[in-house]
Amino acid sequence: MASLDGKAALVTGGGTGIGAAIAEAFAGAGACVAVTGRRSEPLERTARLIADRGGTALAVRADVADLDAMTGAVRQALARFGRLDIVVANAAVFPSRGPVLECSPGEWQRVLDIDLTGVWNTAKAAVPALARGGGGSFIVVGSGLARVSGAGSGAYAVAKAGVSALTRVLAAELRESRVAVNELVPGPTRTRPIDADGEADDAGQRWTAIGEWYKDPADVARLALYLAELPPWGPTGQVFSLAGRLL
């Protein structure tokens with residue numbers, strides 16, 4: 001029996017990068033998986049790949065910045081799978097680097113809406129379903145920049161710091177409901193299309209030069225799978241990191 005047989009998961013930002021890799025790993029372990037995001041094409045691609053490998057997947061177009069959309073996505077997952085055991089709040093945007101005070105009001109708000117409020121929306125929509133099923137796992141994809149941010153990390157670092165605090169608050173409030181809430185910090189990860197095309201990867205060279213592990217999304221997915229396999233009465237409010245430095 002696979003480790004997630006009989007379970008159902010929802011992964012936000014599941015069409016590309018880390019989210020797609022996590023969805024594929026969960027499906028490979030036996031879970032039914034719903035993937036959400038703002039663009040239909042990559043979601044359908046992830047769902048087809050899972051189906052081609054014998055898994056079960058559902059693609060749902062939904063923006064995490066829209067609570068009604070996320071509530072609808074959870075409703076569709078429940079209608080299709082009959083349950084929800086695991087949620088991964090992965091969707092995020094990382095705007096171009098620059099001084100935080102040079103960020104436009106619109107860009108600042110967009111990053112906070114997706115990267116921070118999007119996690120809250122996902123939890124608000126999904127946690128009741130996890131609790132009704134007797135508990136489950138809510139995994140938040142965080143960032144090392146929440147703790148070691150510096151010049152140029154801008155609204156993204158601010159939002160991810162909020163995400164880290166939200167993880168701890170949710171963990172404390174949901175313990176009695178047996179919903180474990182933990183933060184996964186990937187560290188530097190190859191997620192841009194340019195890497196998949198085999199072109200020069202300057203980011204990878206920079207990270208490698210300072211001794212940092214520049215990993216593939218599949219490496220992150222293995223840690224997400226480990227967290228999903230833990231019992232809901234296990235660790236909660238914790239940070240699980242693949243970053244190569246003390247956070």
# chains A, B, ... in the order shown; residues from 1 in each chain; ligands from 1
$ closest_atom_pairs --of "segment 122-194 of chain A" --to "segment 219-222 of chain A" --cutoff "12 Å" --atoms "only C-alpha atoms" --output "tab-separated table"
residue	atom	partner	partner_atom	distance
A:Ile139	CA	A:Ala221	CA	11.6
A:Val141	CA	A:Val220	CA	9.9
A:Gly142	CA	A:Val220	CA	11.8
A:Leu184	CA	A:Val220	CA	8.6
A:Val185	CA	A:Val220	CA	8.7
A:Pro186	CA	A:Val220	CA	5.9
A:Gly187	CA	A:Val220	CA	8.9
A:Pro188	CA	A:Val220	CA	10.1
A:Thr189	CA	A:Val220	CA	8.2
A:Arg190	CA	A:Asp219	CA	10.1
A:Thr191	CA	A:Val220	CA	11.1
$ write_last_selection --atoms "N, CA and C atoms" --output "compact mmCIF listing (two decimals), in the first residue's frame"
# COMPACT_ATOMS: atom_id res chain seq x y z
N ILE A 139 0.19 22.31 4.98
CA ILE A 139 1.61 22.60 4.76
C ILE A 139 1.73 23.95 4.07
N VAL A 141 4.19 26.64 2.27
CA VAL A 141 5.50 26.81 1.65
C VAL A 141 6.00 28.21 1.98
N GLY A 142 7.02 28.28 2.82
CA GLY A 142 7.55 29.56 3.26
C GLY A 142 8.81 29.93 2.49
N LEU A 184 7.22 24.67 5.32
CA LEU A 184 8.29 24.05 4.53
C LEU A 184 9.07 25.16 3.85
N VAL A 185 10.36 25.26 4.14
CA VAL A 185 11.22 26.26 3.52
C VAL A 185 12.09 25.57 2.48
N PRO A 186 11.85 25.82 1.19
CA PRO A 186 12.58 25.09 0.15
C PRO A 186 14.05 25.49 0.03
N GLY A 187 14.38 26.76 0.28
CA GLY A 187 15.71 27.24 -0.08
C GLY A 187 15.77 27.44 -1.59
N PRO A 188 16.92 27.81 -2.11
CA PRO A 188 17.04 28.09 -3.55
C PRO A 188 16.64 26.88 -4.40
N THR A 189 15.69 27.10 -5.29
CA THR A 189 15.14 26.01 -6.08
C THR A 189 14.99 26.43 -7.53
N ARG A 190 15.32 25.53 -8.42
CA ARG A 190 15.23 25.77 -9.85
C ARG A 190 13.77 25.68 -10.28
N THR A 191 13.15 26.82 -10.50
CA THR A 191 11.73 26.82 -10.86
C THR A 191 11.42 27.59 -12.13
$ closest_residue --among "A:Ser143, A:Ser177, A:Thr56, A:Thr46" --to "Ala129 of chain A" --atoms "only C-alpha atoms"
A:Ser177
$ residues_around --residues "Ala151 of chain A" --least-positions-apart "3" --cutoff "10 Å" --atoms "only C-alpha atoms" --output "list in words"
Arg97, Gly98, Pro99, Val100 and Gly154 of chain A
$ write_last_selection --atoms "C-alpha atoms" --output "JSON list (two decimals), in the first residue's frame"
[["chain", "number", "residue", "atom", "x", "y", "z"],
["A", 97, "ARG", "CA", 14.13, 42.78, -6.77],
["A", 98, "GLY", "CA", 14.60, 46.40, -5.78],
["A", 99, "PRO", "CA", 14.34, 48.83, -2.86],
["A", 100, "VAL", "CA", 11.14, 48.22, -0.93],
["A", 154, "GLY", "CA", 11.04, 43.68, -0.72]]
$ residues_around --residues "Ala157 of chain A" --least-positions-apart "2" --cutoff "9 Å" --atoms "only C-alpha atoms" --output "list of chain:residue names"
A:Ser143, A:Gly144, A:Leu145, A:Ala146, A:Arg147, A:Val148, A:Ser149, A:Gly150, A:Ser153, A:Gly154, A:Ala155, A:Ala159, A:Lys160, A:Ala161, A:Gly162
$ write_last_selection --atoms "N, CA and C atoms" --output "short mmCIF file (atom, residue, chain, number, x, y, z; two decimals), in the first residue's frame"
data_model
loop_
_atom_site.label_atom_id
_atom_site.label_comp_id
_atom_site.auth_asym_id
_atom_site.auth_seq_id
_atom_site.Cartn_x
_atom_site.Cartn_y
_atom_site.Cartn_z
N SER A 143 9.66 30.73 3.12
CA SER A 143 10.89 31.16 2.48
C SER A 143 11.91 31.56 3.53
N GLY A 144 13.17 31.25 3.26
CA GLY A 144 14.24 31.69 4.15
C GLY A 144 14.34 33.20 4.22
N LEU A 145 13.84 33.90 3.20
CA LEU A 145 13.88 35.36 3.21
C LEU A 145 13.02 35.96 4.31
N ALA A 146 12.11 35.16 4.87
CA ALA A 146 11.32 35.65 5.99
C ALA A 146 12.18 35.90 7.21
N ARG A 147 13.37 35.24 7.26
CA ARG A 147 14.22 35.33 8.44
C ARG A 147 15.57 35.98 8.18
N VAL A 148 16.07 35.86 6.96
CA VAL A 148 17.39 36.41 6.64
C VAL A 148 17.28 37.43 5.51
N SER A 149 16.15 38.10 5.43
CA SER A 149 15.93 39.06 4.36
C SER A 149 16.86 40.25 4.50
N GLY A 150 17.18 40.83 3.36
CA GLY A 150 18.04 42.01 3.33
C GLY A 150 17.61 42.94 2.23
N SER A 153 14.90 42.42 -1.01
CA SER A 153 13.97 41.29 -0.91
C SER A 153 12.52 41.74 -0.82
N GLY A 154 12.31 43.00 -0.54
CA GLY A 154 11.04 43.68 -0.72
C GLY A 154 9.80 43.06 -0.12
N ALA A 155 8.68 43.24 -0.83
CA ALA A 155 7.37 42.82 -0.34
C ALA A 155 7.30 41.31 -0.15
N ALA A 159 5.87 39.54 3.16
CA ALA A 159 4.73 38.62 3.09
C ALA A 159 5.09 37.26 3.68
N LYS A 160 6.28 36.76 3.37
CA LYS A 160 6.68 35.44 3.87
C LYS A 160 6.92 35.46 5.37
N ALA A 161 7.35 36.60 5.91
CA ALA A 161 7.46 36.72 7.37
C ALA A 161 6.07 36.61 8.00
N GLY A 162 5.10 37.23 7.36
CA GLY A 162 3.72 37.10 7.83
C GLY A 162 3.22 35.67 7.73
#
$ residues_around --residues "Ala25 of chain A" --least-positions-apart "3" --cutoff "7 Å" --atoms "only C-alpha atoms" --output "list in words"
Ala21, Ile22, Gly28, Ala29, Ala221 and Leu225 of chain A
$ write_last_selection --atoms "C-alpha atoms" --output "PDB file, in the first residue's frame"
ATOM      1  CA  ALA A  21       6.249  18.511  -8.243  1.00  0.00           C
ATOM      2  CA  ILE A  22       4.417  18.183  -4.913  1.00  0.00           C
ATOM      3  CA  GLY A  28       2.582   8.849  -6.891  1.00  0.00           C
ATOM      4  CA  ALA A  29       2.077   7.962  -3.221  1.00  0.00           C
ATOM      5  CA  ALA A 221       8.477  17.487  -3.060  1.00  0.00           C
ATOM      6  CA  LEU A 225       5.576  14.093   1.040  1.00  0.00           C
TER       7      LEU A 225
END
$ residues_around --residues "Val35 of chain A" --least-positions-apart "5" --cutoff "12 Å" --atoms "only C-alpha atoms" --output "PyMOL selection string"
chain A and resi 8-16+18-24+26-27+40-48+50+56-64+70+73-74+76-77+86-91
$ write_last_selection --atoms "C-alpha atoms" --output "tab-separated table (two decimals), in the first residue's frame"
chain	number	residue	atom	x	y	z
A	8	ALA	CA	-7.06	13.47	-0.94
A	9	ALA	CA	-4.91	16.58	-1.27
A	10	LEU	CA	-5.19	20.11	-2.62
A	11	VAL	CA	-2.13	22.03	-3.82
A	12	THR	CA	-2.29	25.73	-4.66
A	13	GLY	CA	-0.01	26.94	-7.42
A	14	GLY	CA	-0.02	23.33	-8.60
A	15	GLY	CA	0.51	23.95	-12.29
A	16	THR	CA	4.24	24.60	-12.31
A	18	ILE	CA	7.35	23.26	-6.71
A	19	GLY	CA	3.56	22.97	-6.63
A	20	ALA	CA	3.44	20.66	-9.65
A	21	ALA	CA	6.25	18.51	-8.24
A	22	ILE	CA	4.42	18.18	-4.91
A	23	ALA	CA	1.16	17.26	-6.64
A	24	GLU	CA	2.95	14.60	-8.69
A	26	PHE	CA	1.41	12.98	-3.66
A	27	ALA	CA	-0.33	11.27	-6.56
A	40	SER	CA	-5.82	26.68	-16.74
A	41	GLU	CA	-3.20	25.36	-19.17
A	42	PRO	CA	-0.44	24.43	-16.68
A	43	LEU	CA	-3.03	23.01	-14.27
A	44	GLU	CA	-4.43	20.76	-16.97
A	45	ARG	CA	-0.91	19.72	-17.92
A	46	THR	CA	-0.15	18.64	-14.35
A	47	ALA	CA	-3.46	16.79	-14.09
A	48	ARG	CA	-2.86	14.97	-17.39
A	50	ILE	CA	-0.76	12.48	-13.09
A	56	THR	CA	-6.30	10.76	-10.03
A	57	ALA	CA	-6.19	14.54	-10.38
A	58	LEU	CA	-8.51	17.50	-10.68
A	59	ALA	CA	-7.53	20.87	-12.16
A	60	VAL	CA	-9.42	23.84	-10.71
A	61	ARG	CA	-8.78	27.39	-11.86
A	62	ALA	CA	-8.83	29.54	-8.71
A	63	ASP	CA	-6.90	32.57	-7.52
A	64	VAL	CA	-5.74	32.29	-3.88
A	70	MET	CA	-10.79	29.09	-3.01
A	73	ALA	CA	-12.11	24.99	-5.30
A	74	VAL	CA	-12.37	23.14	-1.99
A	76	GLN	CA	-15.08	20.91	-6.08
A	77	ALA	CA	-12.35	18.77	-4.52
A	86	ILE	CA	-3.80	17.39	2.99
A	87	VAL	CA	-3.51	20.99	1.82
A	88	VAL	CA	-0.36	22.66	0.52
A	89	ALA	CA	-0.45	26.47	0.43
A	90	ASN	CA	2.24	26.97	-2.19
A	91	ALA	CA	1.02	29.72	-4.54
$ select_by_dssp --residues "segment 80-192 of chain A" --states "helix (DSSP H, G or I)" --output "ChimeraX atom specification"
/A:80-81,100-102,105-132,145-148,154-177
$ atom_distance --atom1 "atom CA of Ala34 of chain A" --atom2 "atom CA of Lys124 of chain A"
16.9 Å
$ closest_residue --among "A:Ala125, A:Thr236, A:Leu230, A:Val163" --to "Ala69 of chain A" --atoms "only C-alpha atoms"
A:Ala125
$ closest_residue --among "A:Tyr214, A:Pro231, A:Val169, A:Gly136" --to "Gly244 of chain A" --atoms "only C-alpha atoms"
A:Tyr214
$ closest_residue --among "A:Val111, A:Leu174, A:Ala243, A:Val33" --to "Phe81 of chain A" --atoms "only C-alpha atoms"
A:Val33
$ atom_distance --atom1 "atom CA of Gly134 of chain A" --atom2 "atom CA of Val181 of chain A"
14.5 Å
$ select_by_dssp --residues "segment 82-175 of chain A" --states "strand (DSSP E or B)" --output "mmCIF file with C-alpha atoms, in the first residue's frame"
data_model
loop_
_atom_site.group_PDB
_atom_site.id
_atom_site.type_symbol
_atom_site.label_atom_id
_atom_site.label_comp_id
_atom_site.auth_asym_id
_atom_site.auth_seq_id
_atom_site.Cartn_x
_atom_site.Cartn_y
_atom_site.Cartn_z
ATOM 1 C CA ILE A 86 -3.801 17.389 2.992
ATOM 2 C CA VAL A 87 -3.513 20.987 1.819
ATOM 3 C CA VAL A 88 -0.360 22.657 0.517
ATOM 4 C CA ALA A 89 -0.452 26.467 0.430
ATOM 5 C CA GLY A 136 -5.085 16.406 8.512
ATOM 6 C CA SER A 137 -2.030 18.292 7.363
ATOM 7 C CA PHE A 138 -1.827 21.925 6.264
ATOM 8 C CA ILE A 139 1.606 22.603 4.764
ATOM 9 C CA VAL A 140 2.689 26.182 4.127
ATOM 10 C CA VAL A 141 5.504 26.809 1.654
#
$ residues_around --residues "Trp233 of chain A" --least-positions-apart "6" --cutoff "8 Å" --atoms "only C-alpha atoms" --output "list in words"
Arg175, Arg178, Val179 and Ala180 of chain A
